[in-house]
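Everything on this sheet refers to the single structure shown next.
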Amino acid sequence: LVTVDHVRLDGAHVVVARSLEEEWLVEKWLDSASESDLLADVPFRLSGSGGTLEVKNVVGDTHLYLDAFSFDMARLSGAPSIAARLTGLLGGSAGKCVDARLEYSSLEDFDLRIECDNITAEDVNVFLPARERLIESGTASPRVRITGYPGKAMVLWLETPFHDLVVRDQPDFLGANTGSLKALAGYDLETHIVSLTTAKADTGRLAGVLDGTVSFAESVPSFDLKIEADHLPESVVLDALLEGDAAQEYGLDLSLKPPCKALVRLRGTSESPVVTAVLNVSAGEIMLHGTQDIPKGRIEFGEVEVAWDSEGRKPAGVFRIVDGSLEHEATGLRAERIAGLLDLTEGRLTCDPINALVTDRPFVGSFSYGLDTSEVEFTVNGDLVQLEHTVFSRDLEKLRIEGSAMIRCAGRKSNGRYVLDGEIDATQARIAYDWWFDKPAGIGATAQRLHIEMVPHEVLDISAGVVLSSSPFVMEGHAVHDAGGWVVETFECTSDRLDVAAGGRCLRIPYTLSGGYGE
């Protein structure tokens with residue numbers, strides 16, 4: 001009998017190759033609770049340093065490589081277990097140190113500890129069977145402990161900080177996450193299911209309790225995991241509603257009233273994961289700083305619930321506007337006591353109906369905004385007073401409008417161009433142009449088939465069928481904008497039946513016109 005106490009292999013190149021057809025999880029190994037043949041009564045020690053370790057076909061054709069590989073495996077005389085330590089540099093990178101320690105008697109009695117520094121998404125995906133990466137990007141430095149117990153049970157402990165972590169098909173508003181994860185889980189060798197018992201995650205944008213299961217019973221792992229957070233930063237809610245950098249693009253500030261909750265869930269397999277998210281906010285307020293196109297003011301809202309899933313990739317939800325006031329500097333219009341129900345579906349934010357007081361008169365309308373296209377559609381129906389303080393009287397050269405008018409119109413904004421169609425009853429308005437035209441309040445004046453196309457600070461085109469007193473007109477005009485405001489370039493107004501007497505009441509001429517009709 002020859003006994004070798006210690007075998008040392010320095011500079012060894014160790015290659016472990018799995019078959020490409022071999023299952024990702026070898027059940028016969030996991031199901032075995034008997035002692036390994038390595039645990040014979042003969043003591044031994046096997047060690048080495050300065051070598052390399054290659055594992056080929058870890059999952060499919062993936063490849064694992066350790067440089068500066070050192071190992072020390074030993075069984076002392078009379079000891080019931082093997083003690084082992086392995087270290088190396090993952091992928092040969094100096095910043096990716098791997099250190100593993102093992103005390104092993106059987107699958108029902110072992111203790112494995114692993115520490116890794118700065119592993120990347122590429123490193124993690126070596127072990128996950130999927131054509132596309134489940135982890136798209138990021139780095140982590142995990143510490144793992146796995147302990148075997150009788151009854152084919154294992155306990156897993158994990159603690160890891162991570163940086164710029166992105167999971168495939170996650171909600172865009174979560175962005176790249178930096179934070180930490182601490183988890184305690186159990187693994188059942190009979191069912192091949194990992195069950196989280198205690199886990200907390202802080203992603204920087206979401207922080208809360210993580211629970212659920214991971215199953216290794218099939219050819220690819222399947223997930224049913226969720227994180228519940230009871231605090232949401234304002235930026236998360238804004239991005240969930242409007243997508244992108246909403247605060248800068250739209251000039252918004254958001255304040256939330258607790259509780260603010262989020263539930264993010266990962267289900268499916270590593271091959272086809274499905275991510276869903278639900279955000280719930282009890283109440284809050286939006287402050288708008290105002291731009292050329294967007295009014296300034298505040299909007300107070302009640303409960304908000306927004307849902308998102310990786311298949312549709314568009315947020316959906318509702319929230320109720322309970323109060324607010326907005327002022328649009330470019331038009332001089334102010335709305336107060338705003339109320340309505342906002343609906344977010346398939347990339348459009350819609351409020352129909354929306355109610356408000358505009359110049360102290362009730363208005364009702366609707367509003368729809370495309371998040372991807374920035375296209376706006378709206379309707380307005382109400383009595384507009386104090387026209388002399390609005391854009392209608394202020395910016396068009398030589399035109400003065402005072403009093404009130406009934407307005408019904410529908411409009412849209414697309415690619416910087418506004419298009420409006422509607423009707424106006426300006427009977428109670430005074431309309432004056434230059435020195436020679438002045439319609440006083442009380443003389444009937446309505447505009448039907450009103451059509452306006454405008455590019456702010458560039459061009460304005462208007463056409464309408466107008467009835468002044470009993471005289472019908474067809475009107476067309478074109479104006480351009482310069483530094484001083486709108487300047488009329490062309491204007492044409494024709495009538496097939498002009499009431500001379502009524503028309504004369506609107507002309508500032510030193511004559512009296514009476515009787516008859518003209519063209």
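Every chain in the structure tokens has a letter given in the order shown (A, B, ...), and although residue numbers restart at 1 in each chain, ligands are simply numbered from 1 in the order shown.
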Practice item. Output as an MDAnalysis selection string all residues of range 145-323 of chain A that backbone DSSP marks as strand (DSSP E). Key: chainID A and resid 145:149 153:167 177:188 193:202 207:215 222:229 252:269 273:288 296:309 316:323
Export, as a compact mmCIF listing (two decimals), in the first residue's frame, the selected residues with C-alpha atoms.
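The new file out13.txt reads:
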```
# COMPACT_ATOMS: atom_id res chain seq x y z
CA ARG A 145 -23.24 31.21 1.34
CA ILE A 146 -24.98 27.88 0.62
CA THR A 147 -25.51 25.35 3.41
CA GLY A 148 -26.87 21.79 3.12
CA TYR A 149 -29.21 20.27 5.72
CA ALA A 153 -32.88 21.15 2.00
CA MET A 154 -30.45 23.97 1.37
CA VAL A 155 -30.26 27.48 2.76
CA LEU A 156 -28.87 30.27 0.57
CA TRP A 157 -27.66 33.63 1.83
CA LEU A 158 -26.78 36.42 -0.60
CA GLU A 159 -25.54 39.96 -0.13
CA THR A 160 -24.38 42.12 -3.01
CA PRO A 161 -24.00 45.74 -3.99
CA PHE A 162 -24.65 46.45 -7.67
CA HIS A 163 -24.07 49.32 -10.08
CA ASP A 164 -25.96 50.37 -13.24
CA LEU A 165 -28.00 47.16 -13.27
CA VAL A 166 -30.50 46.75 -16.13
CA VAL A 167 -32.72 43.67 -16.53
CA ASN A 177 -30.12 50.87 -10.95
CA THR A 178 -27.42 51.21 -8.33
CA GLY A 179 -28.01 49.81 -4.85
CA SER A 180 -27.87 46.60 -2.83
CA LEU A 181 -29.62 43.26 -2.30
CA LYS A 182 -29.74 41.09 0.81
CA ALA A 183 -31.58 37.79 0.66
CA LEU A 184 -32.12 34.58 2.62
CA ALA A 185 -33.68 31.70 0.71
CA GLY A 186 -34.34 27.98 0.91
CA TYR A 187 -33.76 25.41 -1.85
CA ASP A 188 -35.71 22.15 -1.98
CA ILE A 193 -37.42 25.47 -6.14
CA VAL A 194 -35.68 28.38 -4.46
CA SER A 195 -38.04 30.24 -2.10
CA LEU A 196 -37.11 33.67 -0.77
CA THR A 197 -37.87 33.92 2.93
CA THR A 198 -36.30 37.27 3.77
CA ALA A 199 -35.01 39.67 1.14
CA LYS A 200 -34.61 43.42 0.84
CA ALA A 201 -33.57 45.36 -2.24
CA ASP A 202 -32.68 49.00 -2.74
CA ALA A 207 -36.53 50.17 -2.13
CA GLY A 208 -38.57 47.45 -0.48
CA VAL A 209 -39.19 43.78 0.25
CA LEU A 210 -38.38 41.17 -2.37
CA ASP A 211 -40.10 37.78 -2.33
CA GLY A 212 -41.12 34.92 -4.59
CA THR A 213 -39.63 31.76 -6.08
CA VAL A 214 -37.19 30.58 -8.73
CA SER A 215 -37.77 27.10 -10.16
CA SER A 222 -38.47 30.14 -14.32
CA PHE A 223 -39.18 33.13 -12.07
CA ASP A 224 -42.01 34.46 -9.98
CA LEU A 225 -40.41 37.36 -8.09
CA LYS A 226 -41.76 40.69 -6.94
CA ILE A 227 -40.49 43.76 -5.12
CA GLU A 228 -42.89 45.92 -3.14
CA ALA A 229 -41.77 49.47 -2.37
CA LEU A 252 -42.71 70.05 -14.04
CA ASP A 253 -42.28 69.72 -10.30
CA LEU A 254 -44.16 66.97 -8.50
CA SER A 255 -44.97 66.63 -4.82
CA LEU A 256 -46.55 63.42 -3.53
CA LYS A 257 -48.61 62.66 -0.46
CA PRO A 258 -47.86 59.29 1.20
CA PRO A 259 -48.46 56.47 0.89
CA CYS A 260 -46.78 55.98 -2.49
CA LYS A 261 -46.37 52.34 -3.45
CA ALA A 262 -44.93 50.30 -6.30
CA LEU A 263 -45.07 46.62 -7.18
CA VAL A 264 -42.62 45.31 -9.80
CA ARG A 265 -42.92 41.65 -10.76
CA LEU A 266 -40.74 39.30 -12.85
CA ARG A 267 -42.39 36.15 -14.18
CA GLY A 268 -41.62 33.67 -16.94
CA THR A 269 -38.34 32.04 -17.84
CA PRO A 273 -39.24 36.96 -19.00
CA VAL A 274 -42.32 39.11 -18.43
CA VAL A 275 -41.98 42.22 -16.28
CA THR A 276 -44.98 44.09 -14.89
CA ALA A 277 -45.17 47.16 -12.67
CA VAL A 278 -47.98 48.91 -10.79
CA LEU A 279 -47.54 52.33 -9.18
CA ASN A 280 -50.06 53.72 -6.71
CA VAL A 281 -50.04 57.27 -5.33
CA SER A 282 -52.66 58.49 -2.88
CA ALA A 283 -52.57 62.19 -3.91
CA GLY A 284 -50.24 64.95 -4.95
CA GLU A 285 -49.71 68.17 -6.83
CA ILE A 286 -48.00 69.07 -10.11
CA MET A 287 -46.41 72.49 -10.51
CA LEU A 288 -45.82 73.72 -14.08
CA LYS A 296 -47.88 77.66 -15.84
CA GLY A 297 -49.79 76.87 -12.67
CA ARG A 298 -50.68 73.88 -10.54
CA ILE A 299 -52.80 70.74 -10.80
CA GLU A 300 -53.97 68.93 -7.69
CA PHE A 301 -54.82 65.27 -8.18
CA GLY A 302 -56.29 62.43 -6.15
CA GLU A 303 -55.46 58.72 -6.29
CA VAL A 304 -53.25 57.58 -9.17
CA GLU A 305 -52.73 54.01 -10.36
CA VAL A 306 -50.45 53.31 -13.31
CA ALA A 307 -49.66 49.85 -14.69
CA TRP A 308 -46.92 48.79 -17.12
CA ASP A 309 -45.88 45.49 -18.70
CA ALA A 316 -51.72 52.60 -18.55
CA GLY A 317 -53.73 54.07 -15.70
CA VAL A 318 -56.04 56.77 -14.43
CA PHE A 319 -55.85 59.68 -12.04
CA ARG A 320 -58.43 62.26 -11.03
CA ILE A 321 -57.79 65.99 -11.21
CA VAL A 322 -59.60 67.51 -8.24
CA ASP A 323 -58.50 71.16 -8.51
```
Practice item. Considering only C-alpha atoms, return as a VMD selection string whatever protein or nucleic-acid residues lie within 12 Å of Ala94 in chain A, sequence-local ones (same chain, fewer than 3 positions apart) excluded. Key: chain A and resid 66 to 68 88 to 91 97 to 98 116 to 119
Study note, to complete from the structure: With distances taken over only C-alpha atoms, the candidate from A:Leu112, A:Leu9, A:Cys409, A:Val455 nearest Asp421 in chain A is A:Cys409
Review point. Any idea what's packed within 8 Å of range 376-384 of chain A, counting only C-alpha atoms, ignoring anything in its chain fewer than 4 positions away? Could you give it as a list in words?
Key: Val358, Thr359, Arg361, Pro362, Phe363, Val364, Gly365, Ser366, Phe367, Ser368, Tyr369, Gly370, Ser404, Ala405, Met406, Ile407, Arg408, Cys409, Ala410, Gly411, Arg412, Lys413 and Ser414 of chain A
Revision key, fill the gap. Counting only C-alpha atoms, closest pick from A:Leu450, A:Phe473, A:Arg18, A:Asp425 relative to Val55 in chain A is A:Arg18
